[in-house]
$ cat protein_14.txt   # compact mmCIF, C-alpha atoms
# COMPACT_ATOMS: atom_id res chain seq x y z
CA MET A 1 0.00 0.00 0.00
CA SER A 2 1.38 3.40 -0.98
CA LEU A 3 1.47 6.42 1.27
CA ASN A 4 -1.14 9.16 1.24
CA LEU A 5 -0.14 12.83 1.20
CA TYR A 6 -2.25 15.81 2.16
CA GLN A 7 -1.31 19.43 2.73
CA LYS A 8 -3.22 22.08 4.62
CA ASN A 9 -2.66 25.56 5.97
CA CYS A 10 -1.94 26.23 9.62
CA GLY A 11 -1.03 29.08 11.92
CA VAL A 12 2.29 29.47 13.71
CA LEU A 13 3.25 31.53 16.74
CA LEU A 14 6.76 31.90 18.18
CA LEU A 15 7.18 32.05 21.96
CA LYS A 16 10.37 33.33 23.57
CA GLY A 17 11.40 33.88 27.18
CA LYS A 18 12.47 31.62 30.02
CA ASP A 19 8.94 31.36 31.46
CA ARG A 20 7.21 30.32 28.24
CA ILE A 21 6.62 26.63 29.07
CA ASP A 22 5.51 27.33 32.64
CA PHE A 23 3.18 29.99 31.25
CA LEU A 24 1.67 27.59 28.69
CA ASN A 25 1.26 25.00 31.44
CA ARG A 26 -0.91 27.50 33.34
CA MET A 27 -2.90 28.33 30.22
CA SER A 28 -3.78 24.89 28.89
CA THR A 29 -5.05 21.42 29.76
CA ASN A 30 -2.06 19.11 29.35
CA ASP A 31 0.83 18.67 31.78
CA LEU A 32 3.71 20.66 30.33
CA THR A 33 5.96 20.64 33.40
CA VAL A 34 8.54 18.64 31.46
CA VAL A 35 8.89 19.31 27.74
CA GLU A 36 12.50 18.71 26.78
CA PRO A 37 14.12 20.54 23.86
CA TYR A 38 13.34 18.87 20.53
CA HIS A 39 10.27 17.23 21.99
CA TYR A 40 6.67 18.23 21.46
CA LYS A 41 3.28 18.05 23.16
CA LYS A 42 -0.30 18.77 22.23
CA THR A 43 -2.50 20.70 24.61
CA VAL A 44 -5.83 22.50 24.56
CA LEU A 45 -6.13 26.21 25.23
CA THR A 46 -9.43 26.82 27.01
CA SER A 47 -11.43 29.85 28.08
CA ASP A 48 -12.40 30.54 31.69
CA LYS A 49 -15.67 28.75 30.86
CA GLY A 50 -13.77 25.61 29.87
CA ARG A 51 -14.54 26.03 26.15
CA ILE A 52 -12.04 25.31 23.39
CA ILE A 53 -9.90 28.10 22.02
CA ASP A 54 -7.71 25.70 20.04
CA LEU A 55 -5.82 22.43 20.11
CA ILE A 56 -2.18 23.45 19.69
CA THR A 57 1.06 21.57 19.10
CA ILE A 58 4.13 22.89 20.92
CA LEU A 59 7.57 22.23 19.41
CA ASN A 60 10.07 23.13 22.11
CA PHE A 61 13.65 24.30 21.55
CA ASP A 62 16.32 25.42 24.01
CA ASP A 63 15.43 29.10 23.85
CA TYR A 64 12.08 29.32 22.07
CA SER A 65 8.97 27.32 21.19
CA ILE A 66 6.83 27.00 18.08
CA LEU A 67 3.06 26.83 18.51
CA ILE A 68 1.17 25.23 15.63
CA THR A 69 -2.43 26.44 15.56
CA THR A 70 -5.54 26.09 13.46
CA GLU A 71 -5.41 28.19 10.30
CA ASN A 72 -6.30 31.86 10.97
CA TYR A 73 -6.36 31.31 14.75
CA GLU A 74 -3.06 33.08 15.44
CA ASP A 75 -4.54 36.48 16.27
CA ARG A 76 -7.18 35.18 18.65
CA ILE A 77 -4.66 32.95 20.43
CA LYS A 78 -2.08 35.73 20.72
CA THR A 79 -4.74 38.10 22.09
CA HIS A 80 -5.93 35.46 24.56
CA LEU A 81 -2.42 34.67 25.83
CA ASP A 82 -1.19 38.26 25.91
CA LYS A 83 -3.85 39.34 28.39
CA TYR A 84 -2.52 36.84 30.95
CA ILE A 85 1.15 37.84 30.64
CA ILE A 86 1.88 40.06 33.65
CA MET A 87 5.28 39.43 35.21
CA ASP A 88 6.20 36.40 33.09
CA ASP A 89 9.23 36.47 30.82
CA VAL A 90 7.24 35.54 27.72
CA GLU A 91 7.10 37.15 24.29
CA ILE A 92 4.69 36.04 21.57
CA GLU A 93 5.17 36.75 17.88
CA LYS A 94 3.33 35.73 14.72
CA SER A 95 5.59 33.94 12.25
CA GLY A 96 4.53 36.21 9.40
CA GLU A 97 5.11 33.46 6.84
CA ASP A 98 2.94 31.12 4.80
CA GLN A 99 2.93 27.90 6.82
CA LYS A 100 1.79 24.46 5.71
CA LEU A 101 1.36 21.06 7.29
CA VAL A 102 2.20 18.21 4.93
CA MET A 103 0.74 14.98 6.30
CA LEU A 104 1.81 11.48 5.27
CA TRP A 105 0.08 8.28 6.32
CA GLY A 106 -0.15 4.65 5.25
CA ASP A 107 1.63 1.36 5.84
CA ASP A 108 4.87 1.69 7.83
CA VAL A 109 4.85 5.47 7.36
CA VAL A 110 7.19 6.26 10.26
CA ASN A 111 9.90 3.87 9.11
CA LYS A 112 9.59 5.08 5.52
CA VAL A 113 10.01 8.71 6.54
CA ASN A 114 12.83 7.83 8.93
CA ALA A 115 14.67 6.23 6.02
CA ALA A 116 13.97 9.11 3.65
CA GLU A 117 15.16 11.78 6.11
CA ASN A 118 17.75 9.74 8.04
CA VAL A 119 16.04 10.47 11.37
CA ASN A 120 14.55 8.42 14.20
CA LEU A 121 11.06 9.67 14.97
CA SER A 122 9.40 8.60 18.20
CA SER A 123 6.03 9.44 19.72
CA ASP A 124 7.14 12.76 21.23
CA ASN A 125 10.27 14.03 19.49
CA PHE A 126 10.71 16.16 16.40
CA PHE A 127 13.50 17.08 14.02
CA LYS A 128 14.56 20.42 12.59
CA LEU A 129 15.45 19.63 8.99
CA SER A 130 16.18 23.26 8.10
CA ASP A 131 15.35 26.74 9.37
CA LYS A 132 11.91 26.40 7.78
CA GLU A 133 11.21 22.68 7.93
CA PHE A 134 10.32 20.53 10.94
CA LEU A 135 9.20 16.91 11.19
CA PHE A 136 7.26 14.91 13.79
CA ALA A 137 5.07 11.81 14.15
CA ASP A 138 1.49 12.33 15.27
CA ASP A 139 -1.27 9.96 16.39
CA PHE A 140 -4.24 12.31 16.84
CA GLY A 141 -7.04 10.49 15.04
CA PHE A 142 -4.70 8.17 13.14
CA GLU A 143 -0.97 7.53 12.81
CA LYS A 144 0.80 9.94 10.48
CA VAL A 145 3.97 11.93 10.00
CA ILE A 146 3.76 15.70 9.64
CA TYR A 147 6.10 18.21 8.05
CA LEU A 148 5.74 21.82 9.19
CA THR A 149 7.14 23.91 6.38
CA ASP A 150 6.68 26.99 4.26
CA GLY A 151 4.84 26.98 0.96
CA ILE A 152 8.05 26.76 -1.09
CA GLU A 153 9.19 23.48 0.46
CA VAL A 154 5.86 21.72 -0.12
CA THR A 155 6.83 20.94 -3.72
CA ASN A 156 10.14 19.42 -2.63
CA ILE A 157 8.41 17.20 -0.08
CA SER A 158 5.84 16.07 -2.64
CA GLN A 159 8.64 15.17 -5.06
CA LYS A 160 10.44 13.22 -2.33
CA TYR A 161 7.35 11.04 -1.94
CA SER A 162 6.37 11.01 -5.61
CA ASP A 163 4.65 7.62 -5.26
CA ALA A 164 2.31 8.91 -2.55
CA VAL A 165 -1.35 9.41 -3.42
CA ALA A 166 -2.27 13.10 -3.26
CA ILE A 167 -5.44 13.52 -1.18
CA THR A 168 -7.87 16.31 -2.04
CA ASP A 169 -9.57 18.56 0.50
CA SER A 170 -12.89 16.76 0.06
CA GLU A 171 -11.26 13.33 0.43
CA TYR A 172 -9.49 14.39 3.61
CA GLU A 173 -12.67 15.89 5.02
CA ASN A 174 -14.51 12.64 4.34
CA LEU A 175 -11.72 10.67 6.03
CA ARG A 176 -11.59 12.77 9.19
CA ILE A 177 -15.38 12.76 9.55
CA SER A 178 -15.58 8.99 9.03
CA LEU A 179 -12.89 8.57 11.73
CA GLY A 180 -14.63 11.01 14.08
CA ILE A 181 -11.79 13.54 14.27
CA ALA A 182 -12.60 17.02 15.55
CA GLU A 183 -10.69 19.72 13.71
CA GLY A 184 -10.56 23.41 12.91
CA GLU A 185 -13.21 26.03 13.41
CA ASN A 186 -16.05 23.52 13.03
CA GLU A 187 -15.25 21.76 16.32
CA PHE A 188 -12.61 23.93 18.00
CA ASN A 189 -14.69 26.90 19.11
CA ASP A 190 -16.36 28.51 22.11
CA LEU A 191 -19.40 26.22 21.91
CA ILE A 192 -17.40 23.08 22.69
CA ASN A 193 -15.69 21.66 25.79
CA PRO A 194 -12.61 19.48 25.08
CA LYS A 195 -14.22 16.53 26.89
CA GLU A 196 -17.04 16.58 24.34
CA CYS A 197 -15.01 15.95 21.19
CA GLY A 198 -12.26 13.41 21.81
CA LEU A 199 -9.53 15.56 23.36
CA GLU A 200 -9.53 13.73 26.70
CA LYS A 201 -5.98 12.41 26.19
CA TYR A 202 -4.70 16.00 26.25
CA ILE A 203 -6.28 16.82 29.62
CA SER A 204 -4.35 16.29 32.85
CA TYR A 205 -6.33 15.97 36.08
CA THR A 206 -3.24 15.94 38.32
CA LYS A 207 -1.43 19.11 37.22
CA GLY A 208 -1.78 22.51 38.81
CA CYS A 209 -4.34 25.16 37.97
CA TYR A 210 -4.96 26.39 34.45
CA ILE A 211 -7.53 28.61 32.75
CA GLY A 212 -10.81 26.67 32.53
CA GLN A 213 -9.73 23.92 34.92
CA GLU A 214 -12.56 24.43 37.40
CA VAL A 215 -15.25 23.77 34.80
CA ILE A 216 -13.49 20.80 33.22
CA ALA A 217 -12.62 19.21 36.57
CA ARG A 218 -16.20 19.62 37.80
CA LEU A 219 -17.61 17.91 34.70
CA ASP A 220 -15.16 15.05 35.18
CA ALA A 221 -15.92 14.66 38.88
CA GLN A 222 -19.67 14.65 38.25
CA GLY A 223 -19.41 12.37 35.23
CA LYS A 224 -21.65 14.75 33.34
CA ILE A 225 -20.86 15.72 29.77
CA PRO A 226 -23.38 18.33 28.53
CA LYS A 227 -23.16 17.12 24.94
CA GLN A 228 -20.99 14.82 22.90
CA MET A 229 -19.76 14.56 19.35
CA VAL A 230 -21.41 11.86 17.26
CA ARG A 231 -21.20 10.68 13.68
CA VAL A 232 -24.24 11.29 11.49
CA LYS A 233 -25.35 9.25 8.48
CA THR A 234 -28.08 10.49 6.19
CA VAL A 235 -29.48 10.06 2.69
CA GLN A 236 -30.62 13.65 2.36
CA SER A 237 -28.60 16.85 2.13
CA ILE A 238 -27.46 18.39 5.41
CA ASN A 239 -25.39 21.47 6.12
CA LYS A 240 -23.08 22.75 8.80
CA GLY A 241 -25.14 24.48 11.45
CA ASP A 242 -28.36 22.55 10.81
CA LYS A 243 -30.27 21.88 14.01
CA ILE A 244 -31.07 18.36 15.15
CA PHE A 245 -34.46 17.60 16.68
CA SER A 246 -35.88 14.72 18.72
CA ASP A 247 -39.46 14.57 19.99
CA GLY A 248 -39.90 18.07 18.61
CA LYS A 249 -37.09 19.49 20.73
CA ASP A 250 -33.83 21.07 19.59
CA VAL A 251 -31.17 18.64 20.88
CA GLY A 252 -28.07 19.44 18.84
CA PHE A 253 -26.45 20.72 15.67
CA ILE A 254 -24.35 19.60 12.71
CA SER A 255 -20.72 20.76 12.90
CA SER A 256 -19.10 19.20 9.81
CA VAL A 257 -20.43 17.62 6.61
CA SER A 258 -18.97 15.51 3.80
CA ASP A 259 -21.36 13.84 1.36
CA ASN A 260 -23.78 11.76 3.43
CA LEU A 261 -21.58 11.81 6.55
CA GLY A 262 -21.38 14.41 9.25
CA LEU A 263 -20.18 15.22 12.73
CA ALA A 264 -22.69 16.62 15.18
CA PHE A 265 -23.07 17.52 18.84
CA ILE A 266 -26.03 16.08 20.72
CA ARG A 267 -27.12 16.78 24.27
CA SER A 268 -26.15 13.75 26.32
CA ALA A 269 -29.58 13.67 27.99
CA ALA A 270 -31.16 13.06 24.57
CA LEU A 271 -29.00 10.06 23.69
CA GLU A 272 -31.46 7.26 24.41
CA PRO A 273 -31.59 4.01 22.37
CA SER A 274 -35.28 4.44 21.57
CA LYS A 275 -35.10 8.02 20.33
CA GLU A 276 -35.23 9.13 16.72
CA PHE A 277 -33.47 12.20 15.39
CA GLN A 278 -34.34 14.48 12.51
CA VAL A 279 -32.69 17.24 10.50
CA ASN A 280 -34.95 19.39 8.33
CA GLY A 281 -37.79 16.97 9.03
CA GLU A 282 -35.87 13.93 7.73
CA LYS A 283 -34.64 11.04 9.87
CA ILE A 284 -30.91 10.68 10.44
CA GLU A 285 -28.80 7.91 11.97
CA LEU A 286 -26.44 8.63 14.85
CA GLU A 287 -23.36 6.66 15.82
CA LEU A 288 -21.45 7.23 19.05
CA ILE A 289 -17.75 7.87 18.58
CA PHE A 290 -16.48 8.02 22.15
CA ASN A 291 -19.38 6.57 24.18
CA LEU A 292 -18.83 9.27 26.78
CA VAL A 293 -22.08 8.90 28.68
CA LYS A 294 -24.56 6.44 27.24
CA ASN A 295 -24.79 3.61 24.74
CA LEU A 296 -27.22 3.67 21.83
CA ASN A 297 -26.90 -0.07 21.17

$ encode --input "protein_14.txt" --output "structure tokens"
Amino acid sequence: MSLNLYQKNCGVLLLKGKDRIDFLNRMSTNDLTVVEPYHYKKTVLTSDKGRIIDLITILNFDDYSILITTENYEDRIKTHLDKYIIMDDVEIEKSGEDQKLVMLWGDDVVNKVNAAENVNLSSDNFFKLSDKEFLFADDFGFEKVIYLTDGIEVTNISQKYSDAVAITDSEYENLRISLGIAEGENEFNDLINPKECGLEKYISYTKGCYIGQEVIARLDAQGKIPKQMVRVKTVQSINKGDKIFSDGKDVGFISSVSDNLGLAFIRSAALEPSKEFQVNGEKIELELIFNLVKNLN
């Protein structure tokens, strides 16, 4: 089986200052107390209401860190972080360059990329291939290898893996929805709590305080998830933002759509095996992705 290759835009922020990792630890959900140079971690920035600002990837160096963000999220993240910098030695800058993520996946992808680049990728390290090219393995949603690079280098990477199948935007969207992967502005926004959309692995319940911790910890302690992300199957046309009804009541909304598949958020209290759900008056099928609260089987 050949590799698959997909490229997408992303945002990049540069953090400098000796307090930058401690600061990020106090601003996000994952435990960042130990992030060695040339290692990376994913973490969720949350608001004081425990809602998602973004899922970010932190590439840490000796004297600075790179934050990979959702495309066009740099300004909102910088504004959010800046307002909490008081006495900390932290400086945040936008990269100011066109940044891309080139994703590769398929059989034995890590070993194939290791051989091509003469590196040894593990689950939490990364490599600086040049001043504008970085490489790491990633398992969010599915196993893949990711190049962070500028637009110019994308062509060189594509040529290096000339046998890889180029995936279109619509094909990738269909893949991520079928796998139940939250991504981008559709799922990473101020309507959603990270516990509701599969980001649990990036939440630490033993670290110190962070913005939004009280809300997230309370939901965990009570075992109550207000809503959860589900997969939707339908024969009719649906659109992002469509409301979902059950027994005549508004119980959720569609967040992402690709062909006859979608991702949606449904109130946990409405997820009963006997219930039927409709969008625009037509019946839809729901499938639990994470089984956070109840079982529809």

$ closest_atom_pairs --input "protein_14.txt" --of "range 42-63 of chain A" --to "range 67-87 of chain A" --cutoff "9 Å" --atoms "only C-alpha atoms" --output "Markdown table"
| residue | atom | partner | partner_atom | distance |
| --- | --- | --- | --- | --- |
| A:Leu45 | CA | A:Ile77 | CA | 8.4 |
| A:Ser47 | CA | A:His80 | CA | 8.6 |
| A:Ile53 | CA | A:Ile77 | CA | 7.3 |
| A:Asp54 | CA | A:Thr70 | CA | 6.9 |
| A:Leu55 | CA | A:Thr69 | CA | 6.9 |
| A:Ile56 | CA | A:Thr69 | CA | 5.1 |
| A:Thr57 | CA | A:Ile68 | CA | 5.0 |
| A:Ile58 | CA | A:Leu67 | CA | 4.7 |
| A:Leu59 | CA | A:Leu67 | CA | 6.5 |
| A:Asn60 | CA | A:Leu67 | CA | 8.7 |

$ closest_atom_pairs --input "protein_14.txt" --of "range 98-208 of chain A" --to "range 250-264 of chain A" --cutoff "7 Å" --atoms "only C-alpha atoms" --output "CSV"
residue,atom,partner,partner_atom,distance
A:Glu173,CA,A:Ser258,CA,6.4
A:Asn174,CA,A:Ser258,CA,5.3
A:Ile177,CA,A:Gly262,CA,6.2
A:Asn186,CA,A:Ser255,CA,5.4
A:Glu187,CA,A:Ser255,CA,6.5

$ residues_around --input "protein_14.txt" --residues "range 148-165 of chain A" --least-positions-apart "6" --cutoff "12 Å" --atoms "only C-alpha atoms" --output "PyMOL selection string"
chain A and resi 1-12+57-59+66-69+95-107+109+112-113+115-117+126-137+171-172

$ closest_residue --input "protein_14.txt" --among "A:Val34, A:Val215, A:Cys197, A:Ile203" --to "Gly50 in chain A" --atoms "all atoms listed in the file"
A:Val215

$ axis_aligned_box --input "protein_14.txt" --around "range 205-219 of chain A" --padding-each-side "5 Å" --output "lines of an AutoDock Vina configuration file"
center_x = -9.5
center_y = 22.3
center_z = 35.7
size_x = 26.2
size_y = 22.7
size_z = 16.3

$ atom_distance --input "protein_14.txt" --atom1 "CA of Asp89 in chain A" --atom2 "CA of Arg20 in chain A"
7.0 Å

$ closest_residue --input "protein_14.txt" --among "A:Asp88, A:Leu13, A:Ser246, A:Phe290" --to "Ser274 in chain A" --atoms "all atoms listed in the file"
A:Ser246

$ residues_around --input "protein_14.txt" --residues "Lys283 in chain A" --least-positions-apart "4" --cutoff "9 Å" --atoms "only C-alpha atoms" --output "VMD selection string"
chain A and resid 234 to 236 276 to 279

$ write_last_selection --input "protein_14.txt" --atoms "C-alpha atoms" --output "PDB file, in the coordinates of the input"
ATOM      1  CA  THR A 234     -28.080  10.490   6.190  1.00  0.00           C
ATOM      2  CA  VAL A 235     -29.480  10.060   2.690  1.00  0.00           C
ATOM      3  CA  GLN A 236     -30.620  13.650   2.360  1.00  0.00           C
ATOM      4  CA  GLU A 276     -35.230   9.130  16.720  1.00  0.00           C
ATOM      5  CA  PHE A 277     -33.470  12.200  15.390  1.00  0.00           C
ATOM      6  CA  GLN A 278     -34.340  14.480  12.510  1.00  0.00           C
ATOM      7  CA  VAL A 279     -32.690  17.240  10.500  1.00  0.00           C
TER       8      VAL A 279
END

$ closest_residue --input "protein_14.txt" --among "A:Ile167, A:Ile146, A:Arg51, A:Asn239" --to "Pro226 in chain A" --atoms "all atoms listed in the file"
A:Arg51

$ atom_distance --input "protein_14.txt" --atom1 "CA of Gly223 in chain A" --atom2 "CA of Ile211 in chain A"
20.3 Å

$ residues_around --input "protein_14.txt" --residues "Gly141 in chain A" --least-positions-apart "4" --cutoff "8 Å" --atoms "all atoms listed in the file" --output "short mmCIF file (atom, residue, chain, number, x, y, z; two decimals) with C-alpha atoms, keeping the file's coordinate frame"
data_model
loop_
_atom_site.label_atom_id
_atom_site.label_comp_id
_atom_site.auth_asym_id
_atom_site.auth_seq_id
_atom_site.Cartn_x
_atom_site.Cartn_y
_atom_site.Cartn_z
CA ARG A 176 -11.59 12.77 9.19
CA LEU A 179 -12.89 8.57 11.73
CA GLY A 180 -14.63 11.01 14.08
CA ILE A 181 -11.79 13.54 14.27
#

$ atom_distance --input "protein_14.txt" --atom1 "CA of Met229 in chain A" --atom2 "CA of Gly208 in chain A"
27.7 Å

$ closest_residue --input "protein_14.txt" --among "A:Asp242, A:Lys49, A:Phe23, A:Asn30" --to "Ser65 in chain A" --atoms "all atoms listed in the file"
A:Phe23

$ closest_residue --input "protein_14.txt" --among "A:Thr206, A:Asn114, A:Gln228, A:Ser268" --to "Leu191 in chain A" --atoms "all atoms listed in the file"
A:Gln228

$ closest_residue --input "protein_14.txt" --among "A:Ser28, A:Ile192, A:Asp48, A:Lys94" --to "Glu214 in chain A" --atoms "all atoms listed in the file"
A:Asp48

$ residues_around --input "protein_14.txt" --residues "Tyr202 in chain A" --least-positions-apart "4" --cutoff "9 Å" --atoms "all atoms listed in the file" --output "count of residues only"
9

$ decode --input "protein_14.txt" --residues "range 238-269 of chain A" --atoms "N, CA and C atoms" --output "CSV table (one decimal), in the first residue's frame"
chain,number,residue,atom,x,y,z
A,238,ILE,N,-27.5,17.7,4.2
A,238,ILE,CA,-27.5,18.4,5.4
A,238,ILE,C,-26.3,19.4,5.3
A,239,ASN,N,-26.4,20.4,6.2
A,239,ASN,CA,-25.4,21.5,6.1
A,239,ASN,C,-24.9,21.8,7.5
A,240,LYS,N,-23.7,22.3,7.5
A,240,LYS,CA,-23.1,22.7,8.8
A,240,LYS,C,-24.0,23.8,9.4
A,241,GLY,N,-24.3,23.6,10.7
A,241,GLY,CA,-25.1,24.5,11.5
A,241,GLY,C,-26.6,24.0,11.5
A,242,ASP,N,-27.0,23.0,10.7
A,242,ASP,CA,-28.4,22.5,10.8
A,242,ASP,C,-28.7,22.0,12.2
A,243,LYS,N,-29.9,22.3,12.7
A,243,LYS,CA,-30.3,21.9,14.0
A,243,LYS,C,-30.8,20.5,13.9
A,244,ILE,N,-30.6,19.7,15.0
A,244,ILE,CA,-31.1,18.4,15.1
A,244,ILE,C,-32.2,18.3,16.2
A,245,PHE,N,-33.3,17.6,15.8
A,245,PHE,CA,-34.5,17.6,16.7
A,245,PHE,C,-34.8,16.2,17.1
A,246,SER,N,-35.4,16.0,18.2
A,246,SER,CA,-35.9,14.7,18.7
A,246,SER,C,-37.1,15.0,19.6
A,247,ASP,N,-38.2,14.3,19.3
A,247,ASP,CA,-39.5,14.6,20.0
A,247,ASP,C,-39.9,16.0,19.9
A,248,GLY,N,-39.5,16.7,18.8
A,248,GLY,CA,-39.9,18.1,18.6
A,248,GLY,C,-39.0,19.1,19.3
A,249,LYS,N,-38.0,18.6,20.0
A,249,LYS,CA,-37.1,19.5,20.7
A,249,LYS,C,-35.7,19.6,20.0
A,250,ASP,N,-35.2,20.8,20.1
A,250,ASP,CA,-33.8,21.1,19.6
A,250,ASP,C,-32.8,20.4,20.5
A,251,VAL,N,-32.1,19.4,20.0
A,251,VAL,CA,-31.2,18.6,20.9
A,251,VAL,C,-29.7,18.7,20.4
A,252,GLY,N,-29.4,19.4,19.3
A,252,GLY,CA,-28.1,19.4,18.8
A,252,GLY,C,-27.9,20.2,17.5
A,253,PHE,N,-26.7,20.0,16.9
A,253,PHE,CA,-26.5,20.7,15.7
A,253,PHE,C,-25.4,20.0,14.9
A,254,ILE,N,-25.4,20.2,13.6
A,254,ILE,CA,-24.4,19.6,12.7
A,254,ILE,C,-23.1,20.5,12.7
A,255,SER,N,-21.9,19.9,12.9
A,255,SER,CA,-20.7,20.8,12.9
A,255,SER,C,-19.9,20.6,11.6
A,256,SER,N,-19.9,19.4,11.0
A,256,SER,CA,-19.1,19.2,9.8
A,256,SER,C,-19.9,18.3,8.9
A,257,VAL,N,-19.7,18.4,7.6
A,257,VAL,CA,-20.4,17.6,6.6
A,257,VAL,C,-19.5,17.2,5.5
A,258,SER,N,-19.6,16.0,5.0
A,258,SER,CA,-19.0,15.5,3.8
A,258,SER,C,-19.8,14.4,3.2
A,259,ASP,N,-20.4,14.8,2.0
A,259,ASP,CA,-21.4,13.8,1.4
A,259,ASP,C,-22.5,13.5,2.3
A,260,ASN,N,-22.7,12.2,2.6
A,260,ASN,CA,-23.8,11.8,3.4
A,260,ASN,C,-23.3,11.5,4.9
A,261,LEU,N,-22.1,12.0,5.2
A,261,LEU,CA,-21.6,11.8,6.5
A,261,LEU,C,-21.5,13.2,7.2
A,262,GLY,N,-21.6,13.2,8.5
A,262,GLY,CA,-21.4,14.4,9.2
A,262,GLY,C,-20.9,14.2,10.7
A,263,LEU,N,-20.4,15.2,11.3
A,263,LEU,CA,-20.2,15.2,12.7
A,263,LEU,C,-21.2,16.2,13.3
A,264,ALA,N,-21.7,15.8,14.5
A,264,ALA,CA,-22.7,16.6,15.2
A,264,ALA,C,-22.5,16.6,16.7
A,265,PHE,N,-23.1,17.5,17.4
A,265,PHE,CA,-23.1,17.5,18.8
A,265,PHE,C,-24.5,17.4,19.3
A,266,ILE,N,-24.7,16.4,20.2
A,266,ILE,CA,-26.0,16.1,20.7
A,266,ILE,C,-26.0,16.2,22.2
A,267,ARG,N,-27.0,16.8,22.8
A,267,ARG,CA,-27.1,16.8,24.3
A,267,ARG,C,-27.1,15.4,24.8
A,268,SER,N,-26.3,15.1,25.8
A,268,SER,CA,-26.2,13.8,26.3
A,268,SER,C,-27.5,13.2,26.9
A,269,ALA,N,-28.3,14.1,27.4
A,269,ALA,CA,-29.6,13.7,28.0
A,269,ALA,C,-30.5,13.1,26.9
